[in-house]
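*Asks:* Quick one: this structure, given as structure tokens, is what I'll be asking you about.
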Amino acid sequence: MVTIAVWSGVMDAPFHFDDQRTVEFNEEIRHLGNIPLFTRGLLHRGALKIGYALNYAAGEKEADGTPRAESFHLVNIILHAVNALLAFVLASLILGRSRANDVRAGRLPLAAAVALLFAVHPMHGMAVGLVASRAVVQAATFSLLSLVLLAKALVAGVSKAGKCALLAGAVVCFIIALGSKSVAVSTLGLAPLVAWMLSPDRPSPRARRLFAGAVVLALAGAGVIALAFGREVWQTSAHGPGVNLLTQAGVITRYLGLMFWPSALSVEHDVSLVSAVWSIRVLLPVVLMIALAAIGVVLLARRRLLGLCIGWFFVSLAPSSSIVPRAELMVEYRTYLAVLGFAGAAVWLLSRLAAVITDLVRGGVKVRFALSIALNVGVLAALSARTIARHEVYADPVALWADAAAKAPNRARPAFNLGTCLVRSGRYAEGLPYLQRTEEMQPQRAEVHVILAKAYTALDRLDEAAGELKRAEALMVEAPPDDPELGTSIIAGLAQEFWTLGNRYASRGQHAQAADSYGRTVVHDPDRAEAYYNLGVVLLMDRDYHGAVAAWRQGLRRHADDFEMAVELAWQLAASPDPAVRDGPAATRLAEHLVDTSQTPSAELLDLLAAAQAQAGRFDEAVANATEALRLARARGDEQLVERIRSRLETYETGRALGQGQ
């Protein structure tokens, strides 16, 4: 209940950027019939996709089938609450085997304190607050369940058949965790730690050898799985494992700092690769991490709870923060399980602090217990307040990325995302500086130029917008993105922005620029009928009759039923001022088709048919159709149309066709 209460604020958060691609517009998860496909690809996040599909089926949706964010956030919160409960169960099992009598006696309150501190820590903002980060939370659910089943199997009094069933369940849960996110491979390292803490006080030499063998097998298995899942990452990474390890020493130090003092939380952290081993900013965190790891090993050898917490912290982070290169060097959701190790260490330290203070004031057991409770409640209250305050950031995309851009001013992604959010919300002038900053940092990203063009167009800086779009076009030819979905999105963006730009140029009377924009629109979106129509119109205004006819013919080849485009083409073929464009037979065929497909031929259509027939030399039919068109126009009371048709009828009666400006 505490977990749900503290995290309920994220229910108001919308889908953010990665959420949109992963969930909101992901057609794959909208069909439960895809679950067998997800099952076959279980180890490629199939378990996660199954969870998303079930969530989509059960959750509320918009009229167009788009899922609403609330139900997905609710599942995230529930999974996090389940993880806190599993942490409580696991902690109580481990604390129950402690050599210290007071720890065993108070194992339930201590386990509850560990679970609650884990539950409310604001470091989980990304993992719980972003739907796309559910992979981490769901993987942790099944990893913790696997470890709880393992711990249950190791507890004395369980039958042999019961142990086998529990161990089989642990293996199944581990596979599901791995199918949620590959970082669940850390379960192989956490399992020996849990087994060690639950072993007898003085393990036999044989037990020690078995434990050592289990550790070796766990490390080997983790290595094989990491290699299988990370092969593509290794091959495409711009930096090697050594550089990554040096860099991650500093990152882990920062993670620890944020766990102790979570005041600089952000969805983006400004981290640079480091390769100079003797740099002070490398040596200091490396020495600190080595020292902390060594302390953990020493304490584990003595089977101390603090040693377990330190080991848990490092093992949980190992898949994402060690030698495997990652594009994003520091991301807060990677610490999700590691926070549990921190929570255990924090509760242990608070209990030790309570003991020291009690000894100083010469208090008894009750004073120590009360002081320990007070210290834990104070820490939990402070962390809960910080977590709740962070919900305001996640509730609004602009606030989220403004916070990130302020904390990581040298990173391109927060600047780009903030600029994009501002532009999409109509705050073009505010978003422009962030997009310009992104362009300076990443001039080779085509999507940056597309969004920047959108801002320029809205601010009536049309020539600058055209320049940005043409740069994006060139980049799509020279260096298209590796992600096909991103490439498709950029092409769609180019088509839309060229279309908008063409309309703005046309409204200014800049027909040549409008024609260029419309022409590029149909290159990127050949199915946009209105672009062909508008292209023909602006070419016609510039007296490019051949170009207008070519544009409309091209459009009709894709959209044969486009009425307005067919009418414009037929009129040009029937009465263009350029004799080389006029084509009576073609105009007649097109006009007859328009008349035949209309339920009741109008005066305008009969007028068009008459002009086409006259151009084809069929004057008797032209006169008859023009006469009927004149009758319909008079019946309608349209005097201007009556006058136009009467003038054309007189021309046909003299055996002449329209043309030369008529």
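Residues are named by chain letter and number: chains run A, B, ... in the order of the structure tokens, numbers start at 1 in each chain, and ligands are numbered from 1 in the order shown.
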Which neighbours of A:Asp561 fall inside 12 Å, counting only C-alpha atoms, when residues of the same chain fewer than 3 positions from it are skipped, and could you give them as a count of residues only?
*Replies:* 14
*Asks:* Hey, what's within 9 Å of A:Gln436 if we count only C-alpha atoms and toss same-chain stuff fewer than 5 positions away? As a short mmCIF file (atom, residue, chain, number, x, y, z; two decimals) with C-alpha atoms, in the first residue's frame, please?
*Replies:*
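Heads up, here's the output in part03.cif:
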data_model
loop_
_atom_site.label_atom_id
_atom_site.label_comp_id
_atom_site.auth_asym_id
_atom_site.auth_seq_id
_atom_site.Cartn_x
_atom_site.Cartn_y
_atom_site.Cartn_z
CA ALA A 415 17.95 19.48 -25.98
CA PHE A 416 16.39 17.80 -29.02
CA GLY A 419 12.86 21.46 -28.49
CA GLY A 431 11.83 25.42 -28.85
CA MET A 441 26.11 19.05 -31.64
CA VAL A 448 16.85 17.32 -36.18
CA LEU A 452 13.94 22.58 -36.98
#
*Asks:* Would you mind telling me which residue in A:Ala458, A:Ala374, A:Ala294, A:Ala591 lies nearest to A:Ala354 when using only C-alpha atoms?
*Replies:*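 The closest residue to A:Ala354 is A:Ala374.
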*Asks:* With only C-alpha atoms counted and 12 Å as the cut-off, give the residues of stretch 436-532 of chain A in contact with stretch 386-410 of chain A, each with its shortest interatomic distance in Å and the pair that gives it, as a Markdown table.
*Replies:*
| residue | atom | partner | partner_atom | distance |
| --- | --- | --- | --- | --- |
| A:Arg437 | CA | A:Asn410 | CA | 9.2 |
| A:Thr438 | CA | A:Asn410 | CA | 9.4 |
| A:Glu440 | CA | A:Asn410 | CA | 10.9 |
| A:Met441 | CA | A:Asn410 | CA | 8.4 |
| A:Gln442 | CA | A:Asn410 | CA | 11.3 |
*Asks:* So how many Å separate atom CA of A:Phe619 and atom CA of A:Tyr652, to one decimal?
*Replies:*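 According to the coordinates, atom CA of A:Phe619 and atom CA of A:Tyr652 are separated by 6.1 Å.
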*Asks:* For A:Gln554, work out the shell of residues within 10 Å, counting only C-alpha atoms and skipping chain neighbours fewer than 2 positions away, then give it as number ranges by chain.
*Replies:* A: 522, 526, 529, 532-533, 548-552, 556-560
*Asks:* Which residues come within 12 Å of A:Phe369, counting only C-alpha atoms, excluding same-chain residues fewer than 2 positions away, as JSON, numbers by chain?
*Replies:* {"A": [102, 103, 105, 106, 109, 110, 350, 351, 352, 353, 354, 355, 357, 358, 363, 364, 365, 366, 367, 371, 372, 373, 374, 375, 376]}
*Asks:* Do you have the atom CA of A:Ala47-atom CA of A:Thr22 distance handy?
*Replies:*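 Here the two named atoms are 14.0 Å from each other.
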*Asks:* How many Å separate atom CA of A:Ile29 from atom CA of A:Ala135?
*Replies:*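 Between atom CA of A:Ile29 and atom CA of A:Ala135 the gap works out to 14.5 Å.
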*Asks:* Would you mind telling me which residue in A:Val183, A:Val10, A:Ala177, A:Ala474 lies nearest to A:Val131 when using only C-alpha atoms?
*Replies:*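 Ranked by minimum distance to A:Val131, first place goes to A:Val10.
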*Asks:* Please tabulate, as a tab-separated table, the residues of stretch 263-376 of chain A that come within 10 Å of stretch 81-92 of chain A, each with its closest pair of atoms and the distance in Å to one decimal, counting only C-alpha atoms and ordering rows by chain, then residue number upward.
*Replies:*
residue	atom	partner	partner_atom	distance
A:Leu337	CA	A:Asn83	CA	9.5
A:Leu340	CA	A:Ala87	CA	7.6
A:Gly344	CA	A:Ala91	CA	8.4
*Asks:* Near A:Pro601, counting only C-alpha atoms, which residues have an atom at most 12 Å away, once you skip same-chain residues fewer than 5 positions from it, shown as a PDB file with C-alpha atoms, in the first residue's frame?
*Replies:*
ATOM      1  CA  ALA A 591     -14.805  14.746 -69.590  1.00  0.00           C
ATOM      2  CA  GLU A 592     -17.091  11.918 -70.743  1.00  0.00           C
ATOM      3  CA  HIS A 593     -15.779   9.758 -67.913  1.00  0.00           C
ATOM      4  CA  LEU A 594     -16.551  12.512 -65.402  1.00  0.00           C
ATOM      5  CA  VAL A 595     -20.086  12.938 -66.771  1.00  0.00           C
ATOM      6  CA  ASP A 596     -20.736   9.180 -66.889  1.00  0.00           C
ATOM      7  CA  LEU A 606     -21.585  19.672 -69.324  1.00  0.00           C
ATOM      8  CA  ASP A 607     -19.789  22.973 -69.929  1.00  0.00           C
ATOM      9  CA  LEU A 608     -16.463  21.116 -69.630  1.00  0.00           C
ATOM     10  CA  LEU A 609     -17.629  18.319 -71.932  1.00  0.00           C
ATOM     11  CA  ASN A 625     -24.140  19.980 -74.378  1.00  0.00           C
ATOM     12  CA  GLU A 628     -28.115  21.930 -71.871  1.00  0.00           C
ATOM     13  CA  ALA A 629     -25.499  23.401 -69.542  1.00  0.00           C
ATOM     14  CA  LEU A 632     -29.242  24.124 -66.024  1.00  0.00           C
ATOM     15  CA  ALA A 633     -27.329  27.279 -65.104  1.00  0.00           C
TER      16      ALA A 633
END
*Asks:* Restricting the calculation to only C-alpha atoms: of A:Ala140, A:Ala610, A:Ala264, A:Leu418, which residue gets closest to A:Ser316?
*Replies:*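 When distances to A:Ser316 are compared using only C-alpha atoms, the smallest one comes from A:Ala140.
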*Asks:* Compare A:Thr457, A:Ser143, A:Ser384, A:Thr521 by their minimum atom-to-atom distance to A:Ala5, counting only C-alpha atoms, and give me the closest one.
*Replies:*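 With only C-alpha atoms as the atom set, the closest residue is A:Ser384.
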*Asks:* Would you please work out which residue, of A:Arg304, A:Val356, A:Ile175, A:Ser321, is nearest to A:Val243 when using only C-alpha atoms?
*Replies:*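 That would be A:Ser321, the residue with the smallest distance to A:Val243.
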*Asks:* Just want the 12 Å neighbourhood of stretch 461-464 of chain A, counted on only C-alpha atoms, with same-chain residues fewer than 5 positions away dropped. Output as a PyMOL selection string.
*Replies:* chain A and resi 428-429+432+449-450+452-456+469-471+497-498+500-508+510+513-514+516-517
